[in-house]
$ cat protein.cif   # mmCIF, C-alpha atoms
data_work
#
loop_
_atom_site.label_atom_id
_atom_site.label_comp_id
_atom_site.auth_asym_id
_atom_site.auth_seq_id
_atom_site.Cartn_x
_atom_site.Cartn_y
_atom_site.Cartn_z
CA MET A 4 0.00 0.00 0.00
CA LEU A 5 2.77 2.41 0.98
CA LYS A 6 4.62 1.60 -2.25
CA ARG A 7 1.53 2.45 -4.28
CA LEU A 8 1.13 5.75 -2.46
CA LEU A 9 4.77 6.65 -3.09
CA VAL A 10 4.41 5.77 -6.77
CA ALA A 11 1.23 7.85 -7.01
CA ALA A 12 2.88 10.80 -5.25
CA LEU A 13 5.89 10.59 -7.55
CA ALA A 14 3.60 10.47 -10.57
CA ILE A 15 1.75 13.56 -9.36
CA LEU A 16 5.03 15.38 -8.80
CA LEU A 17 6.24 14.47 -12.27
CA VAL A 18 3.00 15.60 -13.86
CA ALA A 19 3.12 18.86 -11.89
CA ALA A 20 6.75 19.40 -12.84
CA ALA A 21 5.99 18.70 -16.48
CA GLY A 22 3.05 21.08 -16.37
CA GLY A 23 5.14 23.76 -14.69
CA TRP A 24 7.88 23.35 -17.26
CA ALA A 25 5.37 23.57 -20.08
CA TYR A 26 3.89 26.74 -18.55
CA ALA A 27 7.28 28.33 -17.99
CA THR A 28 8.45 27.61 -21.53
CA ARG A 29 5.16 28.33 -23.28
CA HIS A 30 6.28 31.47 -25.07
CA PRO A 31 7.36 30.86 -28.67
CA ALA A 32 10.28 32.64 -30.23
CA ILE A 33 9.45 35.61 -32.45
CA ALA A 34 11.19 35.52 -35.81
CA ALA A 35 14.32 37.61 -36.20
CA ILE A 36 14.26 40.48 -38.67
CA ASP A 37 16.88 42.42 -40.57
CA PRO A 38 17.92 45.44 -38.50
CA PRO A 39 15.57 48.30 -39.39
CA ASP A 40 16.88 51.36 -41.20
CA PRO A 41 16.67 54.32 -38.78
CA SER A 42 15.59 56.57 -41.63
CA ALA A 43 12.41 54.52 -41.90
CA PHE A 44 11.16 55.97 -38.61
CA PRO A 45 9.49 59.41 -38.66
CA PRO A 46 11.75 61.97 -36.94
CA ASP A 47 8.97 63.11 -34.62
CA LEU A 48 8.45 59.49 -33.48
CA ILE A 49 12.15 59.19 -32.63
CA THR A 50 12.05 62.49 -30.74
CA ARG A 51 9.05 61.31 -28.75
CA GLY A 52 10.80 58.03 -28.03
CA GLU A 53 13.86 59.88 -26.75
CA ALA A 54 11.75 61.67 -24.13
CA LEU A 55 10.04 58.41 -23.13
CA ALA A 56 13.40 56.64 -22.81
CA ALA A 57 14.54 59.46 -20.55
CA LEU A 58 11.39 59.09 -18.45
CA GLY A 59 12.13 55.39 -18.08
CA ASN A 60 15.83 55.99 -17.28
CA CYS A 61 16.67 53.36 -19.88
CA ALA A 62 20.22 54.57 -20.49
CA VAL A 63 21.04 54.67 -16.77
CA CYS A 64 20.51 50.93 -16.27
CA HIS A 65 21.67 49.82 -19.71
CA THR A 66 24.97 51.71 -19.76
CA VAL A 67 28.07 51.24 -17.63
CA PRO A 68 29.80 54.51 -16.65
CA GLY A 69 32.00 55.50 -19.57
CA GLY A 70 30.53 52.82 -21.82
CA ALA A 71 28.62 53.08 -25.08
CA PRO A 72 24.97 54.05 -24.54
CA TYR A 73 22.59 51.10 -24.23
CA SER A 74 25.44 48.59 -24.48
CA GLY A 75 24.54 46.94 -21.16
CA GLY A 76 26.77 45.51 -18.47
CA TYR A 77 25.56 47.73 -15.64
CA ALA A 78 25.60 45.77 -12.36
CA ILE A 79 22.22 45.62 -10.62
CA PRO A 80 22.39 44.22 -7.08
CA THR A 81 19.35 42.31 -5.88
CA PRO A 82 18.65 40.17 -2.79
CA PHE A 83 18.95 37.14 -5.10
CA GLY A 84 22.29 37.95 -6.71
CA THR A 85 23.75 40.42 -9.18
CA LEU A 86 22.21 40.99 -12.59
CA PHE A 87 24.02 42.70 -15.45
CA SER A 88 21.87 44.72 -17.79
CA THR A 89 21.55 43.54 -21.37
CA ASN A 90 22.82 45.23 -24.51
CA ILE A 91 19.75 46.91 -26.01
CA SER A 92 21.59 48.77 -28.74
CA PRO A 93 20.61 47.80 -32.32
CA ASP A 94 23.64 45.56 -32.78
CA PRO A 95 22.33 42.50 -34.69
CA GLU A 96 24.45 39.95 -32.81
CA HIS A 97 24.94 41.21 -29.26
CA GLY A 98 22.07 43.70 -29.01
CA ILE A 99 18.46 43.70 -30.14
CA GLY A 100 18.99 44.78 -33.75
CA ARG A 101 17.12 41.73 -35.04
CA TRP A 102 14.13 42.24 -32.77
CA SER A 103 10.85 43.28 -34.36
CA GLU A 104 8.63 45.84 -32.70
CA ALA A 105 6.40 42.96 -31.55
CA ALA A 106 9.37 41.28 -29.85
CA PHE A 107 10.40 44.56 -28.25
CA ALA A 108 6.85 45.15 -26.98
CA ARG A 109 6.61 41.66 -25.52
CA ALA A 110 9.85 42.09 -23.60
CA LEU A 111 8.91 45.54 -22.38
CA ARG A 112 5.39 44.69 -21.22
CA SER A 113 5.40 40.93 -20.58
CA GLY A 114 8.96 40.15 -19.53
CA VAL A 115 9.66 37.67 -22.34
CA SER A 116 12.62 37.98 -24.72
CA ARG A 117 12.47 37.54 -28.49
CA THR A 118 13.58 33.93 -28.10
CA GLY A 119 10.91 33.18 -25.47
CA GLU A 120 13.19 33.40 -22.44
CA LEU A 121 11.66 34.86 -19.28
CA LEU A 122 13.24 38.11 -18.12
CA TYR A 123 14.09 39.16 -14.57
CA PRO A 124 11.87 41.94 -13.21
CA ALA A 125 14.92 44.14 -12.69
CA LEU A 126 13.54 45.29 -16.03
CA PRO A 127 10.42 46.86 -14.51
CA TYR A 128 8.00 45.33 -16.98
CA ASP A 129 5.43 45.15 -14.19
CA HIS A 130 5.27 48.95 -14.68
CA PHE A 131 6.03 49.16 -18.40
CA THR A 132 3.09 46.89 -19.16
CA ARG A 133 0.87 49.96 -18.74
CA ALA A 134 2.49 51.72 -21.71
CA THR A 135 0.34 52.41 -24.74
CA ASP A 136 1.07 50.89 -28.13
CA GLU A 137 1.95 54.36 -29.43
CA ASP A 138 4.54 54.94 -26.71
CA VAL A 139 6.05 51.49 -27.20
CA ALA A 140 6.37 52.21 -30.92
CA ALA A 141 8.12 55.51 -30.15
CA LEU A 142 10.53 53.81 -27.75
CA TYR A 143 11.31 51.17 -30.36
CA ALA A 144 12.03 53.84 -32.95
CA TRP A 145 14.39 55.66 -30.58
CA VAL A 146 16.33 52.58 -29.51
CA MET A 147 16.69 51.29 -33.07
CA SER A 148 18.00 54.68 -34.17
CA GLN A 149 20.93 54.65 -31.73
CA PRO A 150 24.50 53.56 -32.58
CA ALA A 151 25.03 49.81 -32.40
CA SER A 152 27.48 48.40 -29.88
CA ALA A 153 29.01 44.92 -29.99
CA SER A 154 29.66 44.94 -26.23
CA VAL A 155 28.94 41.66 -24.43
CA PRO A 156 27.76 42.14 -20.82
CA PRO A 157 29.06 39.81 -18.08
CA ALA A 158 27.03 36.77 -17.13
CA ASN A 159 24.58 37.19 -14.27
CA GLU A 160 25.75 36.09 -10.83
CA MET A 161 22.57 34.78 -9.25
CA ARG A 162 22.45 32.60 -6.15
CA PHE A 163 21.03 29.10 -6.50
CA PRO A 164 18.29 28.47 -7.54
CA PHE A 165 17.45 31.99 -8.80
CA GLY A 166 19.52 31.58 -11.94
CA PHE A 167 16.93 29.06 -13.19
CA ARG A 168 14.76 31.31 -15.32
CA PRO A 169 11.67 29.08 -15.55
CA LEU A 170 11.08 29.94 -11.88
CA LEU A 171 10.16 33.41 -13.10
CA ALA A 172 6.93 31.95 -14.48
CA GLY A 173 5.71 31.61 -10.91
CA TRP A 174 6.74 35.20 -10.10
CA GLN A 175 4.88 36.50 -13.13
CA ALA A 176 1.80 34.43 -12.35
CA LEU A 177 1.72 35.93 -8.85
CA PHE A 178 2.67 39.53 -9.47
CA LEU A 179 2.45 40.56 -13.13
CA ASP A 180 -0.76 42.34 -14.11
CA GLU A 181 -0.55 42.98 -17.86
CA ALA A 182 -3.48 45.38 -17.99
CA ARG A 183 -2.82 48.62 -19.84
CA PHE A 184 -3.32 51.94 -18.09
CA SER A 185 -6.97 52.83 -17.59
CA PRO A 186 -7.80 56.49 -16.79
CA SER A 187 -9.89 57.20 -13.72
CA PRO A 188 -13.16 58.88 -14.74
CA ASP A 189 -13.32 60.67 -11.39
CA ARG A 190 -10.00 62.44 -11.87
CA SER A 191 -8.79 65.30 -14.05
CA ALA A 192 -6.98 64.80 -17.33
CA GLU A 193 -3.81 66.18 -15.73
CA TRP A 194 -4.03 63.72 -12.81
CA ASN A 195 -4.56 60.81 -15.21
CA ARG A 196 -1.61 61.91 -17.33
CA GLY A 197 0.54 62.03 -14.20
CA ALA A 198 -0.68 58.61 -13.08
CA TYR A 199 0.20 57.16 -16.48
CA LEU A 200 3.71 58.62 -16.39
CA VAL A 201 4.42 57.73 -12.74
CA GLU A 202 2.93 54.24 -12.66
CA GLY A 203 4.01 53.31 -16.18
CA LEU A 204 7.27 54.19 -17.89
CA GLY A 205 8.37 56.43 -15.01
CA HIS A 206 8.10 53.41 -12.64
CA CYS A 207 8.56 55.62 -9.57
CA GLY A 208 7.16 52.93 -7.31
CA ALA A 209 9.97 50.57 -8.32
CA CYS A 210 12.20 52.54 -5.95
CA HIS A 211 9.77 54.25 -3.58
CA THR A 212 7.68 51.19 -2.69
CA PRO A 213 8.87 48.42 -0.32
CA ARG A 214 9.24 44.94 -1.78
CA ASN A 215 8.15 41.60 -0.41
CA THR A 216 10.38 38.56 0.12
CA LEU A 217 10.02 37.57 -3.55
CA GLY A 218 11.12 40.97 -4.79
CA ALA A 219 7.72 42.23 -5.91
CA ALA A 220 6.33 45.62 -4.97
CA ASP A 221 4.23 45.51 -1.80
CA SER A 222 0.96 46.90 -3.16
CA GLY A 223 -0.32 47.52 0.36
CA ARG A 224 2.50 50.00 1.03
CA HIS A 225 2.55 51.94 -2.21
CA PHE A 226 5.09 54.81 -2.05
CA ALA A 227 5.91 54.04 1.60
CA GLY A 228 9.66 54.41 0.94
CA THR A 229 12.35 51.77 1.22
CA THR A 230 16.08 51.09 1.32
CA LEU A 231 17.24 49.90 -2.07
CA ALA A 232 19.50 46.97 -2.79
CA ASN A 233 22.16 49.41 -4.01
CA GLY A 234 22.41 50.90 -0.52
CA TRP A 235 20.46 54.15 -0.99
CA HIS A 236 17.17 55.08 0.65
CA ALA A 237 14.18 56.19 -1.44
CA PRO A 238 12.00 58.33 0.85
CA ALA A 239 8.29 57.82 1.31
CA LEU A 240 5.93 59.67 -1.02
CA ASP A 241 2.83 59.01 1.04
CA ALA A 242 1.49 60.20 4.39
CA THR A 243 4.71 59.03 6.08
CA THR A 244 6.92 61.37 4.02
CA PRO A 245 9.94 62.68 5.95
CA ALA A 246 9.36 66.17 4.52
CA VAL A 247 9.27 68.73 7.34
CA VAL A 248 7.73 71.43 5.16
CA PRO A 249 4.84 69.87 3.22
CA TRP A 250 5.32 69.42 -0.50
CA THR A 251 3.34 71.51 -2.94
CA ALA A 252 2.90 70.95 -6.66
CA ASP A 253 5.28 73.85 -7.34
CA SER A 254 7.97 72.56 -4.98
CA LEU A 255 7.73 69.11 -6.57
CA VAL A 256 8.16 70.62 -10.02
CA ASN A 257 11.16 72.64 -8.79
CA TYR A 258 12.70 69.48 -7.41
CA LEU A 259 11.93 67.27 -10.42
CA LEU A 260 13.03 69.75 -13.09
CA ASP A 261 15.83 71.65 -11.35
CA GLY A 262 16.90 69.09 -8.77
CA TRP A 263 16.50 71.59 -5.97
CA ASP A 264 13.87 73.14 -3.76
CA ARG A 265 14.59 75.53 -0.89
CA ASP A 266 12.35 73.57 1.51
CA HIS A 267 13.50 70.07 0.53
CA GLY A 268 17.11 70.23 -0.58
CA VAL A 269 18.95 68.87 -3.60
CA ALA A 270 18.38 65.64 -5.51
CA ASP A 271 21.20 63.22 -4.80
CA GLY A 272 22.23 59.60 -5.21
CA PRO A 273 20.17 57.70 -7.82
CA MET A 274 17.67 60.57 -7.98
CA THR A 275 20.28 62.72 -9.71
CA HIS A 276 19.93 60.75 -12.93
CA VAL A 277 16.14 60.82 -12.67
CA VAL A 278 16.11 64.62 -12.48
CA ASP A 279 18.55 64.99 -15.36
CA ASN A 280 16.33 62.78 -17.51
CA LEU A 281 13.07 64.46 -16.52
CA GLY A 282 14.42 67.57 -18.21
CA MET A 283 13.48 65.87 -21.48
CA LEU A 284 9.79 66.09 -20.58
CA SER A 285 7.53 69.06 -21.11
CA GLU A 286 6.73 71.24 -18.13
CA ASP A 287 3.08 70.22 -18.52
CA ASP A 288 4.04 66.56 -18.07
CA VAL A 289 6.09 67.33 -14.96
CA TYR A 290 3.18 69.30 -13.49
CA ALA A 291 0.97 66.28 -14.23
CA ILE A 292 3.43 64.06 -12.34
CA ALA A 293 3.34 66.53 -9.44
CA GLU A 294 -0.47 66.58 -9.35
CA TYR A 295 -0.59 62.79 -9.20
CA LEU A 296 2.05 62.58 -6.47
CA MET A 297 0.28 65.26 -4.46
CA SER A 298 -2.75 62.97 -4.26
CA HIS A 299 -0.58 60.56 -2.23
CA LEU A 300 1.23 63.15 -0.10
CA PRO A 301 -0.26 65.05 2.85
CA PRO A 302 -2.02 68.31 1.91
CA PRO A 303 0.25 71.38 2.04
CA GLU A 304 -1.21 72.75 5.25
CA GLY A 305 0.43 74.58 8.14
CA ASP A 306 2.60 77.67 8.42
CA ARG A 307 5.39 76.92 5.96
CA ALA A 308 7.40 79.98 6.98
CA ALA A 309 7.27 79.00 10.64
CA LEU A 310 8.35 75.44 9.87
CA ARG A 311 11.28 76.70 7.85
CA ALA A 312 12.25 79.23 10.53
CA ALA A 313 12.25 76.48 13.17
CA ALA A 314 14.57 74.42 10.99
CA GLU A 315 16.89 77.35 10.37
CA ALA A 316 17.11 77.95 14.11
CA LEU A 317 18.76 74.55 14.50
CA GLU A 318 21.58 75.34 12.09
CA PHE A 319 25.08 75.13 13.51
CA PRO A 320 25.61 78.44 15.32
CA SER A 321 29.16 78.51 16.61
CA GLN A 322 32.24 76.52 17.47
CA THR A 323 30.89 75.67 20.93
CA PRO A 324 27.83 73.61 21.84
CA ASP A 325 24.63 75.46 22.62
CA ALA A 326 23.91 75.65 26.33
CA GLY A 327 20.54 74.01 25.78
CA PHE A 328 22.28 70.85 24.63
CA ALA A 329 24.89 70.76 27.37
CA ALA A 330 23.55 67.58 28.93
CA ASP A 331 23.49 65.79 25.61
CA TYR A 332 26.96 66.93 24.65
CA ALA A 333 28.27 65.39 27.85
CA ASP A 334 27.81 62.08 26.02
CA GLY A 335 31.14 61.20 24.46
CA ALA A 336 29.79 60.17 21.06
CA LEU A 337 27.68 63.31 20.67
CA ARG A 338 30.53 65.56 21.73
CA ARG A 339 32.89 63.85 19.30
CA GLY A 340 30.24 64.12 16.60
CA PHE A 341 29.89 67.83 17.34
CA ASP A 342 33.64 68.27 16.96
CA THR A 343 33.66 66.35 13.66
CA PHE A 344 30.79 68.49 12.39
CA ALA A 345 32.59 71.68 13.41
CA ARG A 346 35.71 70.51 11.59
CA ALA A 347 34.26 69.00 8.41
CA CYS A 348 30.71 70.30 7.91
CA ALA A 349 30.09 73.62 9.62
CA ASN A 350 31.76 75.77 6.99
CA CYS A 351 28.83 75.05 4.63
CA HIS A 352 26.11 73.94 7.04
CA ARG A 353 26.10 77.08 9.12
CA ARG A 354 23.34 79.58 9.68
CA GLY A 355 23.30 82.15 6.88
CA THR A 356 24.85 79.98 4.16
CA GLU A 357 23.18 78.98 0.89
CA THR A 358 22.65 75.31 1.75
CA VAL A 359 19.23 74.04 2.71
CA PRO A 360 18.88 73.76 6.50
CA LEU A 361 19.84 70.22 7.46
CA ALA A 362 16.76 70.03 9.64
CA LEU A 363 14.65 70.16 6.46
CA THR A 364 16.44 67.46 4.49
CA PRO A 365 14.88 63.99 4.17
CA THR A 366 18.32 62.46 4.69
CA VAL A 367 18.54 63.28 8.40
CA HIS A 368 14.86 62.33 8.93
CA ALA A 369 15.19 58.97 7.16
CA PRO A 370 14.35 55.80 9.13
CA ASN A 371 17.94 54.57 8.84
CA ALA A 372 21.42 56.02 8.37
CA VAL A 373 22.32 54.45 5.02
CA HIS A 374 21.56 57.50 2.88
CA PHE A 375 23.41 59.81 5.26
CA VAL A 376 26.45 57.55 5.22
CA ASN A 377 26.47 57.37 1.42
CA LEU A 378 26.28 61.14 1.07
CA VAL A 379 29.14 61.72 3.49
CA ARG A 380 31.28 59.05 1.85
CA GLU A 381 30.48 59.91 -1.77
CA GLY A 382 29.45 63.55 -1.63
CA ILE A 383 26.79 65.10 -3.85
CA LYS A 384 27.23 65.52 -7.58
CA PRO A 385 24.04 67.46 -8.21
CA PRO A 386 21.80 67.44 -11.27
CA GLN A 387 22.83 69.49 -14.29
CA ASN A 388 20.57 72.41 -13.40
CA THR A 389 21.99 72.85 -9.88
CA PRO A 390 25.78 72.85 -10.33
CA ASP A 391 26.33 75.08 -7.29
CA LYS A 392 24.90 72.46 -4.89
CA THR A 393 27.94 70.19 -4.93
CA MET A 394 29.06 68.57 -1.69
CA PRO A 395 32.59 67.16 -1.42
CA ALA A 396 33.14 63.50 -0.60
CA PHE A 397 34.60 62.58 2.78
CA ALA A 398 35.71 59.11 1.80
CA ALA A 399 38.69 59.28 4.15
CA MET A 400 36.56 59.92 7.24
CA SER A 401 37.04 57.10 9.70
CA ASP A 402 34.17 54.78 10.56
CA ALA A 403 34.34 55.94 14.17
CA ASP A 404 34.09 59.62 13.20
CA LEU A 405 31.26 58.86 10.80
CA ARG A 406 29.36 56.96 13.48
CA ASP A 407 29.70 59.83 15.94
CA LEU A 408 28.83 62.40 13.27
CA ALA A 409 25.65 60.48 12.42
CA ALA A 410 24.66 60.39 16.09
CA PHE A 411 25.18 64.15 16.45
CA VAL A 412 23.36 65.12 13.24
CA ARG A 413 20.38 62.92 14.06
CA ARG A 414 20.16 64.32 17.61
CA HIS A 415 20.72 67.98 16.81
CA PHE A 416 18.74 68.41 13.60
CA THR A 417 15.70 66.17 14.24
CA ASP A 418 13.31 65.19 16.99
CA ARG A 419 13.33 61.58 15.83
CA PRO A 420 14.77 58.56 17.66
CA ALA A 421 18.45 57.79 17.25
CA TRP A 422 19.30 55.62 14.29
CA ASN A 423 19.63 52.00 15.36
CA ASP A 424 21.91 51.15 12.41
CA PRO A 425 24.95 53.34 13.00
CA PRO A 426 27.86 53.11 10.55
CA PRO A 427 30.45 50.44 11.32
CA GLY A 428 33.42 51.31 13.39
#
$ encode --input "protein.cif" --output "structure tokens"
Amino acid sequence: MLKRLLVAALAILLVAAAGGWAYATRHPAIAAIDPPDPSAFPPDLITRGEALAALGNCAVCHTVPGGAPYSGGYAIPTPFGTLFSTNISPDPEHGIGRWSEAAFARALRSGVSRTGELLYPALPYDHFTRATDEDVAALYAWVMSQPASASVPPANEMRFPFGFRPLLAGWQALFLDEARFSPSPDRSAEWNRGAYLVEGLGHCGACHTPRNTLGAADSGRHFAGTTLANGWHAPALDATTPAVVPWTADSLVNYLLDGWDRDHGVADGPMTHVVDNLGMLSEDDVYAIAEYLMSHLPPPEGDRAALRAAAEALEFPSQTPDAGFAADYADGALRRGFDTFARACANCHRRGTETVPLALTPTVHAPNAVHFVNLVREGIKPPQNTPDKTMPAFAAMSDADLRDLAAFVRRHFTDRPAWNDPPPG
């Protein structure tokens, strides 16, 4: 009897495995084509595709620093291993030069390559699936009009068993909704345009939404902010935003187009590239993005001038600790952090300078210290429209000094609890 049960169980497992394999490999290859002649695409379609590619930050992920555009090889850390972006230049052998528009669209919106191979969702096709046919056609025209590169990216370095691509069929079955964008009839045309840009090709939630254990966006915490696999923190864009002065549509547009707003600071880290690319969009589109984001953020209520004045009052006043903080500065770490700040930071972050008050920046209000540490170590290379907001890198600062500096900055410039993930040292 037991033998029969074991045989039956094995048979069921084999049938299930065969069915799973059939499901995972169900996508047929799409025939290769001769590389299209760029002159066959209307110039206005290529121009539109350029702006859409900028919105999607395509070049950022598909280009290594100093490499040929769209030639791939950019390392993308994930909890499951390191992926290297593919060559999406129109090279016929190493790129996608022999991909038809149908093959391109399937990869972009369904996560399936021309040959039928499942793609990792590091390509945010769970967002791109909302793109219209017209926008996909424009993107295709732009990519196929770029110079070809024969660069061959490194092989992915995924941990077992995540290098087995058929497993992605299960991920897609659970998390991929291939519905196109559907406007909300209860919202304005501007709001709907912003929703389309943000939730689709802009894929803002790919960074600003926490992910579950399988690497999919946690739909129940949309825009709740998260620490990225690359070690930067994307702040919340919902009611839990760390913004001290509430965002307005105008301040969002300032930040997204210029990379700077006097109440929120300068775009830094991965956001720098986003801002540079958003300059390709029309101002109307950026205002639409702002209107959509404002529907997730708290309303801009309260006395903005008073909030800013309170933040400015906390700026570093002198070379000696304020009397009001005497008890705190008796703590060795805070006193050492004060001294490090006076030595390395106060020259710029002092009352009356042109920098945004630290007490307003999302970095010091973040739930962990990772973004602060990255900025101190790497500095700020600001977006193209804010060249005067550069911050030097302090890569040589010791771990001990950085830990004490983080403790001081968090204590002095915020009313939030101490970070429980101080830098090593």
$ residues_around --input "protein.cif" --residues "Leu361 (chain A)" --least-positions-apart "4" --cutoff "8 Å" --atoms "only C-alpha atoms" --output "list in words"
Ala314, Glu318, His352, Val367 and Phe416 of chain A
$ atom_distance --input "protein.cif" --atom1 "CA of Ser401 (chain A)" --atom2 "CA of Phe375 (chain A)"
14.6 Å
$ resolve_selection --input "protein.cif" --expression "the PyMOL selection byres ((chain A and resi 105) around 10)" --output "PDB file with C-alpha atoms, in the frame of the given file"
ATOM      1  CA  ILE A  33       9.450  35.610 -32.450  1.00  0.00           C
ATOM      2  CA  ALA A  34      11.190  35.520 -35.810  1.00  0.00           C
ATOM      3  CA  TRP A 102      14.130  42.240 -32.770  1.00  0.00           C
ATOM      4  CA  SER A 103      10.850  43.280 -34.360  1.00  0.00           C
ATOM      5  CA  GLU A 104       8.630  45.840 -32.700  1.00  0.00           C
ATOM      6  CA  ALA A 106       9.370  41.280 -29.850  1.00  0.00           C
ATOM      7  CA  PHE A 107      10.400  44.560 -28.250  1.00  0.00           C
ATOM      8  CA  ALA A 108       6.850  45.150 -26.980  1.00  0.00           C
ATOM      9  CA  ARG A 109       6.610  41.660 -25.520  1.00  0.00           C
ATOM     10  CA  ALA A 110       9.850  42.090 -23.600  1.00  0.00           C
ATOM     11  CA  LEU A 111       8.910  45.540 -22.380  1.00  0.00           C
ATOM     12  CA  ARG A 117      12.470  37.540 -28.490  1.00  0.00           C
ATOM     13  CA  VAL A 139       6.050  51.490 -27.200  1.00  0.00           C
ATOM     14  CA  ALA A 140       6.370  52.210 -30.920  1.00  0.00           C
ATOM     15  CA  TYR A 143      11.310  51.170 -30.360  1.00  0.00           C
TER      16      TYR A 143
END
$ residues_around --input "protein.cif" --residues "Asp47 (chain A)" --least-positions-apart "2" --cutoff "12 Å" --atoms "only C-alpha atoms" --output "PyMOL selection string"
chain A and resi 42-45+49-54+140-142+144-145
$ residues_around --input "protein.cif" --residues "region 286-297 of chain A" --least-positions-apart "2" --cutoff "6 Å" --atoms "only C-alpha atoms" --output "ChimeraX atom specification"
/A:193-194,196-198,252,255,299-300
$ residues_around --input "protein.cif" --residues "region 76-85 of chain A" --least-positions-apart "3" --cutoff "10 Å" --atoms "only C-alpha atoms" --output "PyMOL selection string"
chain A and resi 62-68+70+73+88-90+125+154-166+216-218+231-234
$ atom_distance --input "protein.cif" --atom1 "CA of Ser254 (chain A)" --atom2 "CA of Pro302 (chain A)"
12.9 Å
$ closest_residue --input "protein.cif" --among "A:Gly335, A:Pro93, A:Gly205, A:Pro249" --to "Leu58 (chain A)" --atoms "all atoms listed in the file"
A:Gly205
$ resolve_selection --input "protein.cif" --expression "the PyMOL selection byres ((chain A and resi 385) around 10)" --output "list of chain:residue names"
A:Asp261, A:Gly262, A:Trp263, A:Val269, A:Ala270, A:Asp271, A:Gly272, A:Met274, A:Thr275, A:His276, A:Val278, A:Asp279, A:Gly382, A:Ile383, A:Lys384, A:Pro386, A:Gln387, A:Asn388, A:Thr389, A:Pro390, A:Asp391, A:Lys392, A:Thr393, A:Met394
$ atom_distance --input "protein.cif" --atom1 "CA of His225 (chain A)" --atom2 "CA of Phe178 (chain A)"
14.4 Å
$ closest_residue --input "protein.cif" --among "A:Ala237, A:Val256, A:Ala410, A:Leu179" --to "Ser222 (chain A)" --atoms "only C-alpha atoms"
A:Leu179
$ closest_residue --input "protein.cif" --among "A:Val146, A:Leu378, A:Ala57, A:Leu126" --to "Asp40 (chain A)" --atoms "all atoms listed in the file"
A:Val146
$ resolve_selection --input "protein.cif" --expression "the PyMOL selection byres ((chain A and resi 404) around 12)" --output "tab-separated table (two decimals) with C-alpha atoms, in the coordinates of the input"
chain	number	residue	atom	x	y	z
A	335	GLY	CA	31.14	61.20	24.46
A	336	ALA	CA	29.79	60.17	21.06
A	337	LEU	CA	27.68	63.31	20.67
A	338	ARG	CA	30.53	65.56	21.73
A	339	ARG	CA	32.89	63.85	19.30
A	340	GLY	CA	30.24	64.12	16.60
A	341	PHE	CA	29.89	67.83	17.34
A	342	ASP	CA	33.64	68.27	16.96
A	343	THR	CA	33.66	66.35	13.66
A	344	PHE	CA	30.79	68.49	12.39
A	346	ARG	CA	35.71	70.51	11.59
A	347	ALA	CA	34.26	69.00	8.41
A	376	VAL	CA	26.45	57.55	5.22
A	379	VAL	CA	29.14	61.72	3.49
A	380	ARG	CA	31.28	59.05	1.85
A	397	PHE	CA	34.60	62.58	2.78
A	398	ALA	CA	35.71	59.11	1.80
A	399	ALA	CA	38.69	59.28	4.15
A	400	MET	CA	36.56	59.92	7.24
A	401	SER	CA	37.04	57.10	9.70
A	402	ASP	CA	34.17	54.78	10.56
A	403	ALA	CA	34.34	55.94	14.17
A	405	LEU	CA	31.26	58.86	10.80
A	406	ARG	CA	29.36	56.96	13.48
A	407	ASP	CA	29.70	59.83	15.94
A	408	LEU	CA	28.83	62.40	13.27
A	409	ALA	CA	25.65	60.48	12.42
A	410	ALA	CA	24.66	60.39	16.09
A	411	PHE	CA	25.18	64.15	16.45
A	425	PRO	CA	24.95	53.34	13.00
A	426	PRO	CA	27.86	53.11	10.55
A	427	PRO	CA	30.45	50.44	11.32
A	428	GLY	CA	33.42	51.31	13.39
$ residues_around --input "protein.cif" --residues "Ala227 (chain A)" --least-positions-apart "4" --cutoff "12 Å" --atoms "all atoms listed in the file" --output "list of chain:residue names"
A:Cys207, A:Gly208, A:Ala209, A:Cys210, A:His211, A:Thr212, A:Pro213, A:Arg214, A:Ala220, A:Asp221, A:Ser222, A:Gly223, A:His236, A:Ala237, A:Pro238, A:Ala239, A:Leu240, A:Asp241, A:Ala242, A:Thr243, A:Thr244, A:Pro245, A:His299, A:Leu300, A:Ala369, A:Pro370
$ decode --input "protein.cif" --residues "region 403-409 of chain A" --atoms "N, CA and C atoms" --output "PDB file, in the first residue's frame"
ATOM      1  N   ALA A 403      34.684  55.449  12.839  1.00  0.00           N
ATOM      2  CA  ALA A 403      34.339  55.937  14.174  1.00  0.00           C
ATOM      3  C   ALA A 403      33.837  57.378  14.111  1.00  0.00           C
ATOM      4  N   ASP A 404      34.527  58.228  13.338  1.00  0.00           N
ATOM      5  CA  ASP A 404      34.090  59.620  13.203  1.00  0.00           C
ATOM      6  C   ASP A 404      32.730  59.694  12.515  1.00  0.00           C
ATOM      7  N   LEU A 405      32.531  58.851  11.517  1.00  0.00           N
ATOM      8  CA  LEU A 405      31.258  58.859  10.800  1.00  0.00           C
ATOM      9  C   LEU A 405      30.123  58.413  11.712  1.00  0.00           C
ATOM     10  N   ARG A 406      30.384  57.431  12.550  1.00  0.00           N
ATOM     11  CA  ARG A 406      29.358  56.960  13.480  1.00  0.00           C
ATOM     12  C   ARG A 406      28.980  58.066  14.467  1.00  0.00           C
ATOM     13  N   ASP A 407      29.981  58.754  14.993  1.00  0.00           N
ATOM     14  CA  ASP A 407      29.695  59.830  15.936  1.00  0.00           C
ATOM     15  C   ASP A 407      29.016  61.010  15.239  1.00  0.00           C
ATOM     16  N   LEU A 408      29.445  61.316  14.025  1.00  0.00           N
ATOM     17  CA  LEU A 408      28.827  62.396  13.271  1.00  0.00           C
ATOM     18  C   LEU A 408      27.348  62.105  13.021  1.00  0.00           C
ATOM     19  N   ALA A 409      27.034  60.865  12.657  1.00  0.00           N
ATOM     20  CA  ALA A 409      25.648  60.481  12.421  1.00  0.00           C
ATOM     21  C   ALA A 409      24.819  60.645  13.688  1.00  0.00           C
TER      22      ALA A 409
END
